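Have a look at model.cif below; it lists mmCIF, C-alpha atoms and all ligand atoms.
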data_data
#
loop_
_atom_site.label_atom_id
_atom_site.label_comp_id
_atom_site.auth_asym_id
_atom_site.auth_seq_id
_atom_site.Cartn_x
_atom_site.Cartn_y
_atom_site.Cartn_z
CA VAL A 1 7.01 21.06 1.06
CA LYS A 2 6.74 20.00 4.64
CA SER A 3 8.06 16.49 5.02
CA VAL A 4 5.87 13.70 6.30
CA ARG A 5 7.10 12.46 9.64
CA VAL A 6 7.01 8.68 9.58
CA VAL A 7 7.40 6.37 12.55
CA ALA A 8 7.69 2.66 11.79
CA LEU A 9 7.12 -0.07 14.37
CA ALA A 10 9.41 -2.89 13.30
CA GLY A 11 10.71 -6.24 14.39
CA GLY A 12 12.41 -9.03 12.50
CA THR A 13 13.03 -10.06 8.94
CA GLY A 14 9.52 -9.38 7.59
CA SER A 15 9.46 -5.84 8.93
CA ALA A 16 12.86 -5.05 7.48
CA LYS A 17 11.57 -5.64 3.95
CA LEU A 18 9.44 -2.50 4.15
CA LEU A 19 12.18 -0.26 5.57
CA PRO A 20 14.07 0.46 2.32
CA GLY A 21 10.82 1.67 0.75
CA LEU A 22 9.89 3.82 3.75
CA SER A 23 13.38 5.27 3.78
CA ALA A 24 13.22 6.07 0.06
CA GLU A 25 9.75 7.61 0.30
CA SER A 26 10.27 9.69 3.44
CA ASP A 27 12.96 12.12 4.52
CA ASP A 28 11.92 11.90 8.16
CA LEU A 29 11.80 8.26 9.24
CA THR A 30 12.19 6.93 12.76
CA VAL A 31 12.14 3.21 13.40
CA ILE A 32 10.91 1.91 16.74
CA ALA A 33 12.44 -1.53 17.07
CA ASN A 34 11.35 -4.53 19.08
CA VAL A 35 13.71 -5.49 21.90
CA GLY A 36 11.87 -8.64 23.05
CA ASP A 37 14.19 -10.95 21.17
CA ASN A 38 17.39 -9.42 22.55
CA TYR A 39 19.64 -12.24 23.69
CA THR A 40 22.92 -12.55 25.54
CA VAL A 41 25.32 -15.06 24.02
CA HIS A 42 29.03 -15.51 24.85
CA GLY A 43 28.47 -12.59 27.21
CA LEU A 44 27.50 -10.32 24.31
CA LEU A 45 24.21 -8.43 24.07
CA VAL A 46 22.67 -9.17 20.67
CA CYS A 47 19.63 -7.12 19.56
CA PRO A 48 18.47 -8.77 16.33
CA ASP A 49 15.56 -6.45 15.54
CA ILE A 50 17.52 -3.26 16.21
CA ASP A 51 20.36 -4.63 14.11
CA ILE A 52 18.31 -5.75 11.13
CA ALA A 53 16.78 -2.26 10.98
CA MET A 54 20.20 -0.61 11.39
CA TYR A 55 21.93 -2.81 8.80
CA THR A 56 19.03 -2.41 6.36
CA LEU A 57 19.04 1.38 6.61
CA ALA A 58 22.83 1.44 6.33
CA GLY A 59 22.58 -0.72 3.19
CA VAL A 60 24.72 -3.53 4.60
CA ALA A 61 22.07 -6.10 5.58
CA ASP A 62 22.21 -9.67 4.39
CA ARG A 63 18.85 -9.59 2.62
CA LYS A 64 18.99 -13.25 1.66
CA LYS A 65 19.33 -14.56 5.21
CA GLY A 66 17.25 -11.74 6.69
CA TRP A 67 19.73 -11.14 9.50
CA GLY A 68 23.37 -10.15 9.90
CA VAL A 69 25.74 -8.29 7.59
CA GLU A 70 25.98 -9.02 3.87
CA GLY A 71 29.13 -10.94 2.91
CA ASP A 72 30.03 -11.56 6.54
CA THR A 73 32.53 -14.27 7.46
CA PHE A 74 32.22 -16.71 10.36
CA ARG A 75 35.83 -17.30 11.38
CA THR A 76 35.30 -16.49 15.04
CA LEU A 77 32.34 -18.86 15.12
CA ALA A 78 34.46 -21.63 13.58
CA HIS A 79 37.06 -21.08 16.29
CA LEU A 80 34.40 -21.15 18.98
CA ALA A 81 33.29 -24.54 17.63
CA ARG A 82 36.91 -25.71 17.66
CA ILE A 83 37.21 -24.90 21.35
CA ARG A 84 33.93 -26.76 21.97
CA GLN A 85 31.56 -23.88 22.51
CA ASP A 86 27.91 -23.75 21.45
CA THR A 87 27.56 -22.27 17.98
CA TRP A 88 23.86 -22.69 17.24
CA PHE A 89 23.47 -18.91 17.32
CA LYS A 90 25.54 -17.80 14.36
CA LEU A 91 27.43 -14.57 14.89
CA GLY A 92 29.38 -13.26 11.91
CA ASP A 93 32.71 -11.49 12.35
CA ALA A 94 31.43 -8.07 11.24
CA ASP A 95 28.21 -8.52 13.21
CA LEU A 96 30.33 -9.30 16.30
CA SER A 97 31.82 -5.80 16.19
CA THR A 98 28.32 -4.42 16.82
CA HIS A 99 27.73 -6.69 19.81
CA ILE A 100 31.15 -6.01 21.32
CA VAL A 101 30.65 -2.24 21.22
CA ARG A 102 27.05 -2.43 22.44
CA THR A 103 27.89 -4.74 25.34
CA GLU A 104 30.78 -2.59 26.51
CA GLN A 105 28.89 0.71 26.24
CA VAL A 106 25.87 -0.67 28.09
CA ARG A 107 28.24 -2.01 30.75
CA GLN A 108 29.67 1.51 31.10
CA GLY A 109 26.16 2.75 31.88
CA ARG A 110 24.89 4.10 28.56
CA THR A 111 21.30 3.36 27.64
CA LEU A 112 20.48 1.05 24.76
CA THR A 113 18.99 4.11 23.03
CA GLN A 114 22.30 6.01 23.26
CA VAL A 115 24.36 3.03 22.16
CA THR A 116 22.04 2.34 19.23
CA LYS A 117 22.43 5.93 18.06
CA ALA A 118 26.21 5.61 18.12
CA LEU A 119 26.10 2.28 16.29
CA CYS A 120 23.77 3.66 13.61
CA GLU A 121 26.22 6.52 13.04
CA GLY A 122 29.07 4.05 12.91
CA TRP A 123 27.39 1.83 10.33
CA GLY A 124 26.08 4.80 8.34
CA ALA A 125 22.34 4.51 8.87
CA GLN A 126 20.88 7.98 8.24
CA GLU A 127 17.52 7.41 9.93
CA SER A 128 17.13 6.97 13.66
CA VAL A 129 16.51 3.56 15.12
CA LEU A 130 15.04 3.66 18.63
CA PRO A 131 14.74 0.66 20.91
CA SER A 132 11.07 0.50 21.98
CA THR A 133 12.23 0.56 25.61
CA ASP A 134 15.48 0.78 27.60
CA ASP A 135 13.93 -1.41 30.30
CA PRO A 136 14.18 -5.20 30.42
CA ALA A 137 11.49 -6.90 28.29
CA GLU A 138 11.95 -10.39 26.83
CA THR A 139 9.74 -12.61 24.72
CA TRP A 140 9.46 -16.19 25.91
CA VAL A 141 7.63 -18.98 24.14
CA LYS A 142 5.60 -21.46 26.19
CA THR A 143 5.91 -25.08 25.10
CA PRO A 144 4.63 -28.30 26.71
CA SER A 145 8.12 -28.92 28.15
CA GLY A 146 8.61 -25.41 29.56
CA SER A 147 9.30 -21.87 28.40
CA LEU A 148 12.05 -21.00 25.97
CA HIS A 149 13.58 -17.61 25.14
CA LEU A 150 12.45 -16.67 21.63
CA GLN A 151 15.97 -17.20 20.21
CA GLU A 152 16.17 -20.66 21.75
CA PHE A 153 12.75 -21.56 20.36
CA TRP A 154 13.43 -20.15 16.90
CA VAL A 155 17.14 -20.69 16.30
CA ARG A 156 18.27 -23.45 18.65
CA PHE A 157 15.15 -25.62 18.27
CA ARG A 158 14.35 -24.34 14.75
CA GLY A 159 10.82 -23.26 15.66
CA ARG A 160 9.80 -26.92 16.01
CA PRO A 161 8.39 -27.21 19.57
CA LYS A 162 4.65 -27.02 20.01
CA VAL A 163 3.67 -23.51 21.13
CA THR A 164 1.05 -23.12 23.85
CA GLY A 165 1.47 -19.42 24.51
CA VAL A 166 3.77 -16.42 24.51
CA GLU A 167 4.98 -14.37 27.49
CA TYR A 168 6.24 -10.79 27.29
CA ARG A 169 8.40 -10.92 30.40
CA GLY A 170 8.94 -7.52 31.99
CA ALA A 171 7.01 -5.69 29.26
CA ALA A 172 4.13 -4.46 31.44
CA LYS A 173 6.62 -2.83 33.84
CA ALA A 174 8.80 -1.47 31.04
CA ARG A 175 8.10 2.01 29.63
CA PRO A 176 8.62 3.53 26.18
CA THR A 177 11.67 5.80 26.19
CA LYS A 178 11.23 9.57 26.04
CA GLU A 179 12.69 9.46 22.52
CA VAL A 180 9.96 6.98 21.49
CA ALA A 181 7.27 9.13 23.13
CA ARG A 182 8.53 12.20 21.31
CA ALA A 183 8.73 10.47 17.91
CA VAL A 184 5.21 9.04 18.25
CA SER A 185 3.70 12.34 19.35
CA ARG A 186 5.29 14.22 16.42
CA ALA A 187 4.44 11.59 13.77
CA ASP A 188 2.16 12.22 10.80
CA VAL A 189 2.00 8.54 9.88
CA ILE A 190 2.69 5.51 12.06
CA VAL A 191 3.47 2.45 9.98
CA ILE A 192 3.14 -1.00 11.51
CA CYS A 193 5.61 -3.07 9.50
CA PRO A 194 4.79 -6.58 8.22
CA GLY A 195 6.30 -8.35 11.22
CA ASN A 196 4.99 -11.30 13.18
CA PRO A 197 2.12 -9.73 15.15
CA VAL A 198 2.85 -11.93 18.17
CA THR A 199 6.64 -11.95 18.48
CA SER A 200 7.79 -8.88 16.52
CA ILE A 201 5.05 -6.23 16.84
CA GLY A 202 3.26 -7.70 19.91
CA PRO A 203 6.21 -7.15 22.29
CA ILE A 204 6.37 -3.47 21.27
CA LEU A 205 2.65 -3.02 21.96
CA ALA A 206 2.95 -4.90 25.29
CA ILE A 207 5.27 -2.27 26.78
CA GLY A 208 3.45 -0.40 29.54
CA GLY A 209 1.85 2.77 28.18
CA MET A 210 2.77 2.07 24.54
CA LYS A 211 -0.77 1.45 23.30
CA ARG A 212 -1.95 4.61 25.05
CA LEU A 213 0.89 6.58 23.46
CA LEU A 214 -0.08 5.31 20.00
CA ALA A 215 -3.77 5.95 20.63
CA ASP A 216 -3.09 9.53 21.77
CA SER A 217 -1.09 10.36 18.64
CA SER A 218 -2.94 12.27 15.94
CA ALA A 219 -1.01 10.33 13.27
CA ARG A 220 -2.66 8.08 10.72
CA ARG A 221 -1.83 4.52 11.78
CA VAL A 222 -1.47 2.07 8.93
CA ALA A 223 -0.34 -1.56 8.94
CA LEU A 224 0.88 -4.01 6.29
CA THR A 225 0.01 -7.67 6.81
CA PRO A 226 2.79 -10.27 7.09
CA MET A 227 0.35 -12.98 5.92
CA LEU A 228 -0.77 -14.38 2.60
CA GLY A 229 -3.77 -16.69 2.94
CA SER A 230 -3.22 -18.80 6.01
CA ALA A 231 0.60 -18.57 6.06
CA PRO A 232 3.15 -15.85 6.73
CA PHE A 233 5.49 -14.70 3.95
CA SER A 234 8.29 -15.92 6.27
CA GLY A 235 8.87 -17.11 9.83
CA PRO A 236 6.68 -18.66 12.52
CA ALA A 237 3.79 -16.17 12.63
CA GLY A 238 1.07 -18.73 11.85
CA LYS A 239 2.04 -21.01 14.71
CA MET A 240 2.35 -18.11 17.15
CA MET A 241 -0.98 -16.60 16.16
CA THR A 242 -2.80 -19.90 16.57
CA ALA A 243 -1.22 -20.28 20.02
CA VAL A 244 -2.62 -16.93 21.18
CA GLY A 245 -6.08 -17.73 19.79
CA ALA A 246 -5.93 -15.62 16.63
CA SER A 247 -6.73 -17.03 13.20
CA PRO A 248 -3.48 -17.35 11.24
CA ASP A 249 -4.40 -14.96 8.43
CA SER A 250 -4.77 -11.23 7.78
CA ALA A 251 -8.09 -11.12 9.66
CA GLY A 252 -6.25 -12.48 12.71
CA VAL A 253 -3.55 -9.82 12.26
CA ALA A 254 -6.23 -7.12 12.12
CA GLY A 255 -7.73 -8.50 15.34
CA LEU A 256 -4.34 -8.29 17.10
CA LEU A 257 -3.88 -4.72 15.83
CA ALA A 258 -7.40 -3.57 16.79
CA GLY A 259 -7.20 -0.19 18.49
CA VAL A 260 -3.63 0.26 17.23
CA ALA A 261 -4.03 0.41 13.44
CA ASP A 262 -6.68 2.51 11.68
CA SER A 263 -6.19 0.58 8.47
CA ILE A 264 -4.36 -2.49 7.22
CA TYR A 265 -3.12 -3.40 3.75
CA ILE A 266 -3.73 -7.05 2.94
CA ASP A 267 -2.99 -8.99 -0.23
CA ARG A 268 -5.51 -8.77 -3.10
CA ALA A 269 -5.80 -12.55 -3.06
CA ASP A 270 -7.26 -12.25 0.45
CA ASP A 271 -10.09 -9.91 -0.57
CA GLY A 272 -12.45 -12.55 0.86
CA LEU A 273 -11.21 -11.67 4.38
CA ARG A 274 -12.32 -8.05 4.12
CA ALA A 275 -15.49 -8.41 6.21
CA ARG A 276 -13.61 -10.24 8.98
CA VAL A 277 -10.80 -7.66 8.91
CA GLU A 278 -13.23 -4.78 9.23
CA ARG A 279 -15.12 -6.44 12.06
CA SER A 280 -12.05 -5.61 14.19
CA GLY A 281 -12.61 -1.93 13.48
CA VAL A 282 -9.59 -1.77 11.17
CA SER A 283 -10.30 -0.53 7.66
CA CYS A 284 -9.14 -2.94 4.96
CA LYS A 285 -7.07 -1.94 1.93
CA LEU A 286 -5.80 -4.16 -0.85
CA THR A 287 -2.34 -4.30 -2.38
CA ASP A 288 0.18 -6.78 -3.73
CA ALA A 289 1.59 -7.47 -0.29
CA ARG A 290 4.57 -9.62 -1.25
CA ILE A 291 7.87 -7.72 -1.01
CA GLU A 292 10.50 -9.36 -3.17
CA GLY A 293 12.87 -6.46 -3.56
CA PRO A 294 13.37 -2.70 -3.29
CA LYS A 295 10.82 -1.96 -6.03
CA ASP A 296 7.98 -3.70 -4.16
CA SER A 297 9.12 -2.11 -0.92
CA ARG A 298 8.99 1.35 -2.42
CA ARG A 299 5.66 0.78 -4.17
CA ILE A 300 3.95 -0.39 -0.98
CA ALA A 301 5.59 2.33 1.13
CA ARG A 302 4.27 4.94 -1.30
CA GLU A 303 0.75 3.51 -1.10
CA MET A 304 0.84 3.41 2.68
CA LEU A 305 2.22 6.93 3.10
CA ARG A 306 -0.04 8.57 0.55
CA SER A 307 -3.33 6.87 1.41
N1 LIG A 401 18.52 -16.60 12.90
C1 LIG A 401 18.72 -17.89 12.60
O1 LIG A 401 17.81 -18.56 12.10
N2 LIG A 401 19.92 -18.51 12.88
C2 LIG A 401 20.96 -17.84 13.45
O2 LIG A 401 22.01 -18.41 13.70
C3 LIG A 401 20.76 -16.43 13.75
C4 LIG A 401 21.79 -15.66 14.27
C5 LIG A 401 21.59 -14.29 14.44
C6 LIG A 401 22.63 -13.46 14.87
C7 LIG A 401 22.45 -12.12 15.02
C8 LIG A 401 21.20 -11.55 14.74
O3 LIG A 401 21.02 -10.24 14.87
C9 LIG A 401 20.14 -12.35 14.31
C10 LIG A 401 20.33 -13.72 14.15
N3 LIG A 401 19.28 -14.53 13.70
C11 LIG A 401 19.52 -15.86 13.44
C12 LIG A 401 17.95 -13.96 13.42
C13 LIG A 401 17.04 -13.91 14.65
O4 LIG A 401 17.02 -15.10 15.34
C14 LIG A 401 15.56 -13.68 14.32
O5 LIG A 401 15.27 -13.77 12.98
C15 LIG A 401 15.07 -12.40 14.84
O6 LIG A 401 15.21 -12.37 16.24
C16 LIG A 401 13.61 -12.20 14.46
O7 LIG A 401 13.10 -11.14 15.08
#
Is it possible to express this structure as structure tokens?
Amino acid sequence: VKSVRVVALAGGTGSAKLLPGLSAESDDLTVIANVGDNYTVHGLLVCPDIDIAMYTLAGVADRKKGWGVEGDTFRTLAHLARIRQDTWFKLGDADLSTHIVRTEQVRQGRTLTQVTKALCEGWGAQESVLPSTDDPAETWVKTPSGSLHLQEFWVRFRGRPKVTGVEYRGAAKARPTKEVARAVSRADVIVICPGNPVTSIGPILAIGGMKRLLADSSARRVALTPMLGSAPFSGPAGKMMTAVGASPDSAGVAGLLAGVADSIYIDRADDGLRARVERSGVSCKLTDARIEGPKDSRRIAREMLRS
């Protein structure tokens, strides 16, 4: 049988929960990862959404924390603290090996796409993980006291500041890579993972030409909500959605994905939102949307790929 070519748009912890299922249910999976929350710390280029996808597909992700490598140690971080350096961004020792290699290879002139391929091979991820762009594109969060890089907002200030808006700096000038363009144009199904629609999926869609590329694909485009009722399963999605004028629920997610997703799976408990979801032109499907482990991930992936 001809395999189904699956492309997954992914960013962050929520998105990563669906990847094991997609990987188990497809033998041709390409992940397009958000780069908006890439951050340079101690001179090292950290790409959290690329890395969570890579570690998840390699089977080494810390699923409890939702970032980093399972069983990692933090000895280097402890030494950084001892020599009075900032340690609010926690880099594990194994995770550091990724950032060291990436930073050096990018410095030598390789693209993030090339470096990511090498890192995925190194860690043993079978599927390909593609950065959404090789151009600069960063997500900044507007607060009453100024803009903060997403990592500063989320990790340093623990997501506490009031959010008045979100900026995708550089995104409009950035372009999808040729690898991304090729994967999208060959796809049979494009899956929009259950990531924060504003800070995980939004920055992918904000890249110049990305929405057009997705619209021109003949693939079926299907999303899974990251929301249950008026709250996300995890992370700051509700706050971010409210700040951009979307209702913090699955109907708001559908509105943000209008023109991008043909259909969206929402939780059965949110059946009451169906009419509002469909008003965005996105067809509404019901499932048990909570992903608590590999079984849920696989069940939902199967539903999404077969529908
Ligand atoms: N999230 C935290 O809440 N605290 C951390 O110290 C932290 C460190 C970190 C290091 C590497 C990495 O790849 C991700 C890390 N994250 C951390 C997660 C990250 O801030 C976000 O969850 C993602 O950017 C969401 O897309």
For ligand LIG 401 (chain A), list the contacting residues at 10 Å or closer, counting all atoms listed in the file, as a PDB file with C-alpha atoms, in the frame of the given file.
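Output saved as selection_16.pdb:
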ATOM      1  CA  ALA A  10       9.410  -2.890  13.300  1.00  0.00           C
ATOM      2  CA  GLY A  11      10.710  -6.240  14.390  1.00  0.00           C
ATOM      3  CA  GLY A  12      12.410  -9.030  12.500  1.00  0.00           C
ATOM      4  CA  THR A  13      13.030 -10.060   8.940  1.00  0.00           C
ATOM      5  CA  GLY A  14       9.520  -9.380   7.590  1.00  0.00           C
ATOM      6  CA  SER A  15       9.460  -5.840   8.930  1.00  0.00           C
ATOM      7  CA  ALA A  16      12.860  -5.050   7.480  1.00  0.00           C
ATOM      8  CA  ALA A  33      12.440  -1.530  17.070  1.00  0.00           C
ATOM      9  CA  ASN A  34      11.350  -4.530  19.080  1.00  0.00           C
ATOM     10  CA  VAL A  35      13.710  -5.490  21.900  1.00  0.00           C
ATOM     11  CA  GLY A  36      11.870  -8.640  23.050  1.00  0.00           C
ATOM     12  CA  ASP A  37      14.190 -10.950  21.170  1.00  0.00           C
ATOM     13  CA  ASN A  38      17.390  -9.420  22.550  1.00  0.00           C
ATOM     14  CA  TYR A  39      19.640 -12.240  23.690  1.00  0.00           C
ATOM     15  CA  VAL A  41      25.320 -15.060  24.020  1.00  0.00           C
ATOM     16  CA  LEU A  45      24.210  -8.430  24.070  1.00  0.00           C
ATOM     17  CA  VAL A  46      22.670  -9.170  20.670  1.00  0.00           C
ATOM     18  CA  CYS A  47      19.630  -7.120  19.560  1.00  0.00           C
ATOM     19  CA  PRO A  48      18.470  -8.770  16.330  1.00  0.00           C
ATOM     20  CA  ASP A  49      15.560  -6.450  15.540  1.00  0.00           C
ATOM     21  CA  ILE A  50      17.520  -3.260  16.210  1.00  0.00           C
ATOM     22  CA  ASP A  51      20.360  -4.630  14.110  1.00  0.00           C
ATOM     23  CA  ILE A  52      18.310  -5.750  11.130  1.00  0.00           C
ATOM     24  CA  ALA A  53      16.780  -2.260  10.980  1.00  0.00           C
ATOM     25  CA  TYR A  55      21.930  -2.810   8.800  1.00  0.00           C
ATOM     26  CA  LYS A  65      19.330 -14.560   5.210  1.00  0.00           C
ATOM     27  CA  GLY A  66      17.250 -11.740   6.690  1.00  0.00           C
ATOM     28  CA  TRP A  67      19.730 -11.140   9.500  1.00  0.00           C
ATOM     29  CA  GLY A  68      23.370 -10.150   9.900  1.00  0.00           C
ATOM     30  CA  VAL A  69      25.740  -8.290   7.590  1.00  0.00           C
ATOM     31  CA  THR A  87      27.560 -22.270  17.980  1.00  0.00           C
ATOM     32  CA  TRP A  88      23.860 -22.690  17.240  1.00  0.00           C
ATOM     33  CA  PHE A  89      23.470 -18.910  17.320  1.00  0.00           C
ATOM     34  CA  LYS A  90      25.540 -17.800  14.360  1.00  0.00           C
ATOM     35  CA  LEU A  91      27.430 -14.570  14.890  1.00  0.00           C
ATOM     36  CA  GLY A  92      29.380 -13.260  11.910  1.00  0.00           C
ATOM     37  CA  ASP A  95      28.210  -8.520  13.210  1.00  0.00           C
ATOM     38  CA  LEU A  96      30.330  -9.300  16.300  1.00  0.00           C
ATOM     39  CA  THR A  98      28.320  -4.420  16.820  1.00  0.00           C
ATOM     40  CA  HIS A  99      27.730  -6.690  19.810  1.00  0.00           C
ATOM     41  CA  LEU A 150      12.450 -16.670  21.630  1.00  0.00           C
ATOM     42  CA  GLN A 151      15.970 -17.200  20.210  1.00  0.00           C
ATOM     43  CA  GLU A 152      16.170 -20.660  21.750  1.00  0.00           C
ATOM     44  CA  PHE A 153      12.750 -21.560  20.360  1.00  0.00           C
ATOM     45  CA  TRP A 154      13.430 -20.150  16.900  1.00  0.00           C
ATOM     46  CA  VAL A 155      17.140 -20.690  16.300  1.00  0.00           C
ATOM     47  CA  ARG A 156      18.270 -23.450  18.650  1.00  0.00           C
ATOM     48  CA  PHE A 157      15.150 -25.620  18.270  1.00  0.00           C
ATOM     49  CA  ARG A 158      14.350 -24.340  14.750  1.00  0.00           C
ATOM     50  CA  GLY A 159      10.820 -23.260  15.660  1.00  0.00           C
ATOM     51  CA  GLY A 195       6.300  -8.350  11.220  1.00  0.00           C
ATOM     52  CA  ASN A 196       4.990 -11.300  13.180  1.00  0.00           C
ATOM     53  CA  THR A 199       6.640 -11.950  18.480  1.00  0.00           C
ATOM     54  CA  SER A 200       7.790  -8.880  16.520  1.00  0.00           C
ATOM     55  CA  ILE A 201       5.050  -6.230  16.840  1.00  0.00           C
ATOM     56  CA  SER A 234       8.290 -15.920   6.270  1.00  0.00           C
ATOM     57  CA  GLY A 235       8.870 -17.110   9.830  1.00  0.00           C
ATOM     58  CA  PRO A 236       6.680 -18.660  12.520  1.00  0.00           C
TER      59      PRO A 236
END
Pick the closest to A:Arg182 from A:Thr287, A:Ser307, A:Thr30, A:Ser145: which is it, counting all atoms listed in the file?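 Using all atoms listed in the file, A:Arg182 sits closest to A:Thr30.
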Just the number, please: distance in Å from atom CA of A:Arg5 to atom CA of A:Val184, one decimal. 9.5 Å
Might you pull out every residue within 9 Å of stretch 21-25 of chain A, with all atoms listed in the file counted and same-chain residues fewer than 4 positions away left off, and present them as a ChimeraX atom specification? /A:6,8,17,29,57,127,294-302,305
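Here atom CA of A:Val101 and atom CA of A:Asp135 stand 19.0 Å from one another.
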Could you get me a file of stretch 236-243 of chain A with all heavy atoms, as an mmCIF file, in the first residue's frame, taken from the block above?
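out-v7.cif was written with the following content:
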data_model
loop_
_atom_site.group_PDB
_atom_site.id
_atom_site.type_symbol
_atom_site.label_atom_id
_atom_site.label_comp_id
_atom_site.auth_asym_id
_atom_site.auth_seq_id
_atom_site.Cartn_x
_atom_site.Cartn_y
_atom_site.Cartn_z
ATOM 1 N N PRO A 236 0.348 28.781 28.283
ATOM 2 C CA PRO A 236 -0.315 30.083 28.369
ATOM 3 C C PRO A 236 -1.273 30.412 27.229
ATOM 4 O O PRO A 236 -1.540 31.593 26.972
ATOM 5 C CB PRO A 236 0.881 31.039 28.344
ATOM 6 C CG PRO A 236 1.866 30.366 27.447
ATOM 7 C CD PRO A 236 1.647 28.876 27.592
ATOM 8 N N ALA A 237 -1.810 29.411 26.536
ATOM 9 C CA ALA A 237 -2.589 29.709 25.324
ATOM 10 C C ALA A 237 -3.773 30.639 25.583
ATOM 11 O O ALA A 237 -4.037 31.543 24.790
ATOM 12 C CB ALA A 237 -3.063 28.414 24.656
ATOM 13 N N GLY A 238 -4.480 30.435 26.715
ATOM 14 C CA GLY A 238 -5.677 31.228 26.980
ATOM 15 C C GLY A 238 -5.365 32.716 27.020
ATOM 16 O O GLY A 238 -6.002 33.541 26.354
ATOM 17 N N LYS A 239 -4.331 33.037 27.783
ATOM 18 C CA LYS A 239 -3.899 34.426 27.945
ATOM 19 C C LYS A 239 -3.484 35.057 26.608
ATOM 20 O O LYS A 239 -3.819 36.200 26.297
ATOM 21 C CB LYS A 239 -2.692 34.387 28.886
ATOM 22 C CG LYS A 239 -2.318 35.680 29.522
ATOM 23 C CD LYS A 239 -1.272 35.413 30.602
ATOM 24 C CE LYS A 239 -0.975 36.693 31.340
ATOM 25 N NZ LYS A 239 -0.074 36.502 32.468
ATOM 26 N N MET A 240 -2.758 34.266 25.817
ATOM 27 C CA MET A 240 -2.274 34.759 24.525
ATOM 28 C C MET A 240 -3.429 34.977 23.557
ATOM 29 O O MET A 240 -3.459 35.941 22.808
ATOM 30 C CB MET A 240 -1.320 33.741 23.889
ATOM 31 C CG MET A 240 -0.088 33.468 24.699
ATOM 32 S SD MET A 240 0.942 34.938 24.718
ATOM 33 C CE MET A 240 2.370 34.314 25.564
ATOM 34 N N MET A 241 -4.387 34.056 23.586
ATOM 35 C CA MET A 241 -5.518 34.158 22.658
ATOM 36 C C MET A 241 -6.357 35.387 22.995
ATOM 37 O O MET A 241 -6.750 36.148 22.111
ATOM 38 C CB MET A 241 -6.363 32.882 22.717
ATOM 39 C CG MET A 241 -5.634 31.691 22.102
ATOM 40 S SD MET A 241 -6.549 30.165 22.301
ATOM 41 C CE MET A 241 -7.859 30.420 21.101
ATOM 42 N N THR A 242 -6.617 35.579 24.279
ATOM 43 C CA THR A 242 -7.384 36.745 24.700
ATOM 44 C C THR A 242 -6.681 38.025 24.232
ATOM 45 O O THR A 242 -7.323 38.937 23.719
ATOM 46 C CB THR A 242 -7.557 36.740 26.237
ATOM 47 O OG1 THR A 242 -8.146 35.483 26.600
ATOM 48 C CG2 THR A 242 -8.441 37.874 26.708
ATOM 49 N N ALA A 243 -5.352 38.050 24.367
ATOM 50 C CA ALA A 243 -4.587 39.247 23.992
ATOM 51 C C ALA A 243 -4.698 39.564 22.501
ATOM 52 O O ALA A 243 -4.615 40.723 22.111
ATOM 53 C CB ALA A 243 -3.123 39.084 24.394
#
